[in-house]
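K.L.:
upload.txt is the file, holding compact mmCIF, C-alpha atoms:
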```
# COMPACT_ATOMS: atom_id res chain seq x y z
CA MET X 147 112.19 191.16 194.54
CA THR X 148 115.86 191.37 195.45
CA PRO X 149 118.18 191.56 192.45
CA THR X 150 120.07 188.42 193.46
CA TYR X 151 116.88 186.35 193.47
CA MET X 152 115.99 187.85 190.11
CA ASN X 153 119.35 186.82 188.69
CA ILE X 154 119.02 183.25 189.93
CA MET X 155 115.50 182.90 188.52
CA LEU X 156 116.79 184.40 185.27
CA ALA X 157 119.53 181.77 185.21
CA PHE X 158 116.85 179.06 185.60
CA THR X 159 114.83 180.54 182.73
CA ILE X 160 117.89 180.76 180.48
CA SER X 161 118.70 177.10 181.15
CA LEU X 162 115.08 176.16 180.48
CA LEU X 163 115.18 177.93 177.12
CA GLY X 164 118.46 176.25 176.35
CA MET X 165 117.03 172.84 177.13
CA LEU X 166 113.96 173.32 174.94
CA THR X 167 115.91 174.30 171.82
CA TYR X 168 117.91 171.65 170.03
CA ARG X 169 120.90 172.40 167.90
CA SER X 170 122.81 169.29 166.98
CA HIS X 171 123.78 167.47 170.15
CA LEU X 172 121.50 165.79 172.66
CA VAL X 173 123.96 166.05 175.55
CA ALA X 174 123.80 169.87 175.37
CA SER X 175 120.14 169.68 176.44
CA LEU X 176 121.11 167.37 179.30
CA LEU X 177 123.66 169.97 180.39
CA CYS X 178 120.96 172.63 180.44
CA LEU X 179 118.85 170.30 182.60
CA GLU X 180 121.77 170.13 185.02
CA GLY X 181 121.90 173.91 185.02
CA MET X 182 118.24 174.07 185.96
CA MET X 183 118.79 171.72 188.88
CA MET X 184 121.79 173.72 190.03
CA SER X 185 119.94 177.03 189.96
CA LEU X 186 117.11 175.50 191.99
CA PHE X 187 119.62 174.19 194.52
CA ILE X 188 121.23 177.62 194.91
CA MET X 189 117.86 179.35 195.20
CA THR X 190 116.48 177.09 197.93
CA THR X 191 119.76 177.17 199.87
CA LEU X 192 119.76 180.96 199.82
CA ILE X 193 116.15 181.04 200.99
CA ALA X 194 116.99 178.66 203.82
CA SER X 195 119.93 180.80 204.94
CA ASN X 196 118.21 184.16 204.62
CA MET X 197 114.97 183.27 206.34
CA HIS X 198 116.92 181.58 209.15
CA PHE X 199 114.85 178.45 208.66
CA PRO X 200 117.31 175.57 208.62
CA LEU X 201 114.76 172.84 208.01
CA ILE X 202 114.33 173.96 204.39
CA ASN X 203 117.89 172.67 203.81
CA ILE X 204 116.41 169.18 203.48
CA MET X 205 114.93 170.13 200.12
CA PRO X 206 118.11 170.99 198.19
CA ILE X 207 119.79 167.80 199.37
CA ILE X 208 116.90 165.61 198.20
CA LEU X 209 116.72 167.63 194.97
CA LEU X 210 120.37 166.83 194.37
CA VAL X 211 119.78 163.12 195.00
CA PHE X 212 116.98 162.89 192.46
CA ALA X 213 118.86 165.10 189.99
CA ALA X 214 121.72 162.63 190.19
CA CYS X 215 119.32 159.76 189.37
CA GLU X 216 117.92 161.74 186.47
CA THR X 217 121.40 162.49 185.15
CA ALA X 218 122.34 158.83 185.32
CA VAL X 219 119.28 157.73 183.35
CA GLY X 220 119.76 160.54 180.80
CA LEU X 221 123.38 159.63 180.24
CA ALA X 222 122.50 155.95 179.93
CA LEU X 223 120.02 156.82 177.17
CA LEU X 224 122.72 158.94 175.55
CA ILE X 225 125.15 156.04 175.64
CA SER X 226 122.64 153.68 174.05
CA ILE X 227 121.94 156.27 171.32
CA SER X 228 125.65 156.71 170.79
CA ASN X 229 126.12 152.93 170.54
CA THR X 230 123.43 152.70 167.88
CA TYR X 231 124.21 155.76 165.74
CA GLY X 232 127.81 156.60 166.50
CA LEU X 233 127.13 160.17 167.65
CA ASP X 234 124.33 161.78 169.62
CA TYR X 235 123.03 164.00 166.83
CA VAL X 236 119.37 164.86 167.23
CA HIS X 237 118.56 164.43 163.55
CA ASN X 238 119.45 160.75 163.90
CA LEU X 239 116.39 160.22 166.13
CA ASN X 240 113.90 159.84 163.29
CA LEU X 241 112.18 156.52 163.96
CA LEU X 242 108.81 158.27 164.29
CA GLN X 243 109.40 160.11 160.99
CA CYS X 244 107.68 163.30 162.03
CA MET Y 192 132.08 194.67 199.65
CA ALA Y 193 128.43 194.77 200.48
CA TYR Y 194 127.38 194.07 196.89
CA ILE Y 195 129.57 191.07 196.15
CA LEU Y 196 126.51 188.83 196.13
CA PHE Y 197 124.88 190.73 193.28
CA THR Y 198 128.13 190.63 191.29
CA LEU Y 199 128.43 186.89 191.81
CA SER Y 200 124.84 186.35 190.70
CA VAL Y 201 125.55 188.36 187.53
CA LEU Y 202 128.56 186.10 186.89
CA LEU Y 203 126.32 183.09 187.47
CA VAL Y 204 123.88 184.27 184.80
CA MET Y 205 126.74 184.88 182.39
CA GLY Y 206 128.05 181.37 182.99
CA PHE Y 207 124.58 179.95 182.38
CA VAL Y 208 124.34 181.90 179.11
CA GLY Y 209 127.67 180.33 178.20
CA PHE Y 210 126.31 176.80 178.10
CA SER Y 211 122.75 177.66 177.09
CA SER Y 212 123.98 179.13 173.84
CA LYS Y 213 124.82 175.51 172.97
CA PRO Y 214 128.44 175.28 171.95
CA SER Y 215 129.87 171.81 171.64
CA PRO Y 216 129.08 169.91 174.88
CA ILE Y 217 132.65 169.78 176.09
CA TYR Y 218 132.70 173.59 176.27
CA GLY Y 219 129.23 173.52 177.76
CA GLY Y 220 130.53 171.28 180.53
CA LEU Y 221 133.33 173.76 181.15
CA ALA Y 222 130.84 176.63 181.45
CA LEU Y 223 128.64 174.54 183.77
CA THR Y 224 131.63 173.78 186.01
CA VAL Y 225 132.55 177.47 186.21
CA SER Y 226 128.92 178.34 186.97
CA GLY Y 227 128.94 175.69 189.68
CA VAL Y 228 132.00 177.24 191.28
CA VAL Y 229 130.37 180.68 191.24
CA GLY Y 230 127.15 179.25 192.65
CA CYS Y 231 129.06 177.54 195.44
CA VAL Y 232 130.72 180.84 196.35
CA ILE Y 233 127.26 182.49 196.41
CA VAL Y 234 126.03 179.84 198.84
CA LEU Y 235 129.16 180.26 200.97
CA ASN Y 236 128.65 184.01 201.13
CA CYS Y 237 125.27 183.49 202.78
CA GLY Y 238 126.73 181.35 205.51
CA GLY Y 239 125.98 177.95 204.01
CA GLY Y 240 129.30 176.17 204.25
CA TYR Y 241 127.90 172.65 204.40
CA MET Y 242 125.56 173.11 201.45
CA GLY Y 243 128.19 174.79 199.32
CA LEU Y 244 130.76 172.08 199.88
CA MET Y 245 128.15 169.39 199.32
CA MET Y 246 127.37 170.95 195.98
CA PHE Y 247 131.06 170.94 195.12
CA LEU Y 248 131.42 167.31 196.09
CA VAL Y 249 128.28 165.74 194.70
CA TYR Y 250 127.57 168.02 191.80
CA LEU Y 251 130.89 169.13 190.40
CA GLY Y 252 132.96 166.24 191.64
CA GLY Y 253 130.44 163.52 190.81
CA MET Y 254 128.06 164.49 188.08
CA MET Y 255 130.33 166.75 186.06
CA VAL Y 256 133.06 164.12 185.96
CA VAL Y 257 130.54 161.59 184.64
CA PHE Y 258 129.35 164.16 182.11
CA GLY Y 259 132.90 164.80 181.01
CA TYR Y 260 133.64 161.13 180.41
CA THR Y 261 130.34 160.57 178.59
CA THR Y 262 130.86 163.62 176.41
CA ALA Y 263 134.33 162.42 175.54
CA MET Y 264 132.73 159.23 174.25
CA ALA Y 265 130.12 160.95 172.12
CA ILE Y 266 131.97 163.93 170.64
CA GLU Y 267 132.90 164.81 167.06
CA GLU Y 268 136.32 165.57 165.73
CA TYR Y 269 136.16 169.38 165.59
CA PRO Y 270 134.02 170.67 168.44
CA GLU Y 271 132.57 174.11 167.87
CA THR Y 272 133.40 176.74 170.44
CA TRP Y 273 131.75 180.06 171.19
CA GLY Y 274 133.46 181.98 168.41
CA SER Y 275 133.20 179.45 165.63
CA GLY Y 276 129.77 180.06 164.21
CA LEU Y 277 127.18 182.76 164.16
CA GLU Y 278 124.46 180.93 166.11
CA VAL Y 279 126.46 180.27 169.25
CA LEU Y 280 128.13 183.66 169.26
CA GLY Y 281 124.80 185.39 168.62
CA GLY Y 282 123.12 183.57 171.48
CA LEU Y 283 125.98 184.37 173.82
CA LEU Y 284 125.96 188.07 172.91
CA VAL Y 285 122.18 188.35 173.25
CA GLY Y 286 122.34 186.77 176.70
CA LEU Y 287 125.20 189.01 177.84
CA MET Y 288 123.47 192.13 176.52
CA MET Y 289 120.31 191.16 178.40
CA GLU Y 290 122.25 190.74 181.63
CA VAL Y 291 124.03 194.09 181.19
CA MET Y 292 120.68 195.79 180.65
CA LEU Y 293 119.35 194.13 183.81
CA VAL Y 294 122.31 195.41 185.82
CA LEU Y 295 121.80 198.93 184.49
CA TRP Y 296 118.10 198.77 185.32
CA VAL Y 297 118.84 197.64 188.88
CA LEU Y 298 121.30 200.50 189.25
CA SER Y 299 118.74 202.99 188.02
CA LEU Y 300 116.13 201.99 190.60
CA ASN Y 301 117.51 204.08 193.46
CA GLU Y 302 117.32 207.56 191.89
CA ALA Y 303 121.09 207.80 192.08
CA VAL Y 304 122.94 209.58 189.32
CA VAL Y 305 126.38 208.11 189.97
CA VAL Y 306 126.87 204.44 189.09
CA VAL Y 307 128.88 203.61 192.20
CA VAL Y 308 126.28 204.59 194.80
CA GLY Y 309 123.41 202.44 193.69
CA PHE Y 310 123.06 199.34 195.80
CA SER Y 311 120.87 200.35 198.68
CA ASP Y 312 118.50 197.41 198.41
CA THR Y 313 121.21 194.79 198.75
CA GLY Y 314 121.86 195.80 202.34
CA ASP Y 315 119.84 192.93 203.70
CA TRP Y 316 122.25 190.50 202.09
CA VAL Y 317 125.09 191.48 204.41
CA ILE Y 318 125.56 188.74 206.99
CA PHE Y 319 125.17 189.99 210.55
CA GLU Y 320 127.18 187.59 212.61
CA GLY Y 321 125.85 188.60 215.98
CA GLU Y 322 124.62 185.24 217.10
CA GLY Y 323 127.54 184.15 219.25
CA SER Y 324 130.51 182.03 218.32
CA GLY Y 325 128.81 180.34 215.39
CA LEU Y 326 129.48 176.84 216.57
CA ILE Y 327 126.05 175.64 215.50
CA ARG Y 328 125.75 176.24 211.77
CA GLY Y 329 122.21 176.43 210.48
CA ASP Y 330 122.74 174.42 207.32
CA SER Y 331 124.47 171.52 209.05
CA ILE Y 332 121.65 171.36 211.59
CA GLY Y 333 119.10 171.41 208.77
CA ALA Y 334 120.87 168.64 206.90
CA GLY Y 335 121.09 166.63 210.09
CA ALA Y 336 117.35 166.98 210.54
CA LEU Y 337 117.00 165.01 207.32
CA TYR Y 338 117.97 161.88 209.22
CA ASP Y 339 115.63 162.70 212.09
CA TYR Y 340 112.33 164.02 210.70
CA GLY Y 341 112.92 162.62 207.26
CA ARG Y 342 113.89 159.05 208.07
CA TRP Y 343 111.51 157.55 205.55
CA LEU Y 344 112.61 160.05 202.91
CA VAL Y 345 116.20 158.91 203.37
CA VAL Y 346 115.13 155.29 202.91
CA VAL Y 347 113.14 156.11 199.77
CA ALA Y 348 115.96 158.19 198.27
CA GLY Y 349 118.52 155.51 198.99
CA TRP Y 350 116.31 152.85 197.43
CA THR Y 351 115.77 155.11 194.40
CA LEU Y 352 119.50 155.45 193.88
CA PHE Y 353 119.95 151.70 194.24
CA VAL Y 354 117.24 150.89 191.72
CA GLY Y 355 118.61 153.64 189.46
CA VAL Y 356 121.84 151.74 189.09
CA TYR Y 357 119.92 148.69 187.86
CA VAL Y 358 117.87 150.86 185.49
CA VAL Y 359 121.08 152.28 184.00
CA ILE Y 360 122.55 148.83 183.54
CA GLU Y 361 119.42 147.61 181.77
CA ILE Y 362 119.31 150.64 179.47
CA VAL Y 363 122.94 150.39 178.49
CA ARG Y 364 122.72 146.66 177.89
CA GLY Y 365 120.78 147.32 174.70
CA ASN Y 366 119.90 144.44 172.38
```
Please lay out the structure from this file as structure tokens.

P.N.:
Amino acid sequence: MTPTYMNIMLAFTISLLGMLTYRSHLVASLLCLEGMMMSLFIMTTLIASNMHFPLINIMPIILLVFAACETAVGLALLISISNTYGLDYVHNLNLLQC
Amino acid sequence: MAYILFTLSVLLVMGFVGFSSKPSPIYGGLALTVSGVVGCVIVLNCGGGYMGLMMFLVYLGGMMVVFGYTTAMAIEEYPETWGSGLEVLGGLLVGLMMEVMLVLWVLSLNEAVVVVVGFSDTGDWVIFEGEGSGLIRGDSIGAGALYDYGRWLVVVAGWTLFVGVYVVIEIVRGN
């Protein structure tokens, strides 16, 4: 496994760990989700360029489209949380009380 | 340099550690933007000009701007940066130490004693531009094939984006 591929997969794993651990803000986890999407984009683009297989380039473009949709919905939820509670602190989300 | 790609990927990991250690989100957005720039340069180094610039435009220019405005709405008065608390600084240092150990391990793989002469397995990342004048770029052709073989996919993605706008409006409406 080439070191550059290893680094990009490591970047994905670091973002995944960052998304799964909450500190105080919710938008920090959304940022880590964006990082995951970006590392996947870079990885598939590099594979498409290095295997000289241009048709794979369709996948990063469509990934970016659906990541944009996901970001929009995530930020809309953040805005509605921020309208209700003032800030997007995670310990405010206690309706389930568990 | 033949090993610029490895260096850029190390910088990418360090940028990712910068926002995964969860400082205040405005600093996380800054680290994500810097990581995006480094990632775009990685893509450009492998001959993907179209894909790199598309990432700049759509990702950094579109989504990060929206993130910046939204974070400005939902931020506290004294945002915590990387040096203002033990958790964030500890996470950052652990991530950087892990990356440094990875670099040293990669350097030690080639039975070379000197640090400088250690990158023999990154030789296949050097771009051999022997295919003529380069008028037909592979990534542009691949992206153009999206509108040929993937006609229905374009329609579905466009409809998804359109419905997504209505979903966002309904969520934000509240009440």

K.L.:
Might you pull out every residue within 7 Å of stretch 246-258 of chain Y, with all atoms listed in the file counted and same-chain residues fewer than 4 positions away left off, and present them as a list in words?

P.N.:
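Neighbouring residues, sequence-local ones excluded: Ala214 of chain X; Thr224, Gly227, Cys231, Met242 and Thr262 of chain Y.
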
K.L.:
One number please: atom CA of X:Ser161 to atom CA of X:Cys178, in Å, one decimal.

P.N.:
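Between atom CA of X:Ser161 and atom CA of X:Cys178 the gap works out to 5.1 Å.
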
K.L.:
Can you work out which one of X:Cys215, X:Leu166, X:Ile193, X:Leu176 has the shortest atom-to-atom distance to chain Y, counting only C-alpha atoms?

P.N.:
X:Cys215

K.L.:
Kindly provide, as number ranges by chain, the residues of chain X having any atom no farther than 6 Å from an atom of chain Y, counting all atoms listed in the file.

P.N.:
X: 150, 153, 157, 161, 164, 174, 200-201, 203-204, 219, 222, 226, 233

K.L.:
For atom CA of X:Leu223 and atom CA of X:Leu162, determine how far apart the two atoms are, in Å to one decimal place.

P.N.:
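Pair atom CA of X:Leu223 / atom CA of X:Leu162 returns 20.2 Å.
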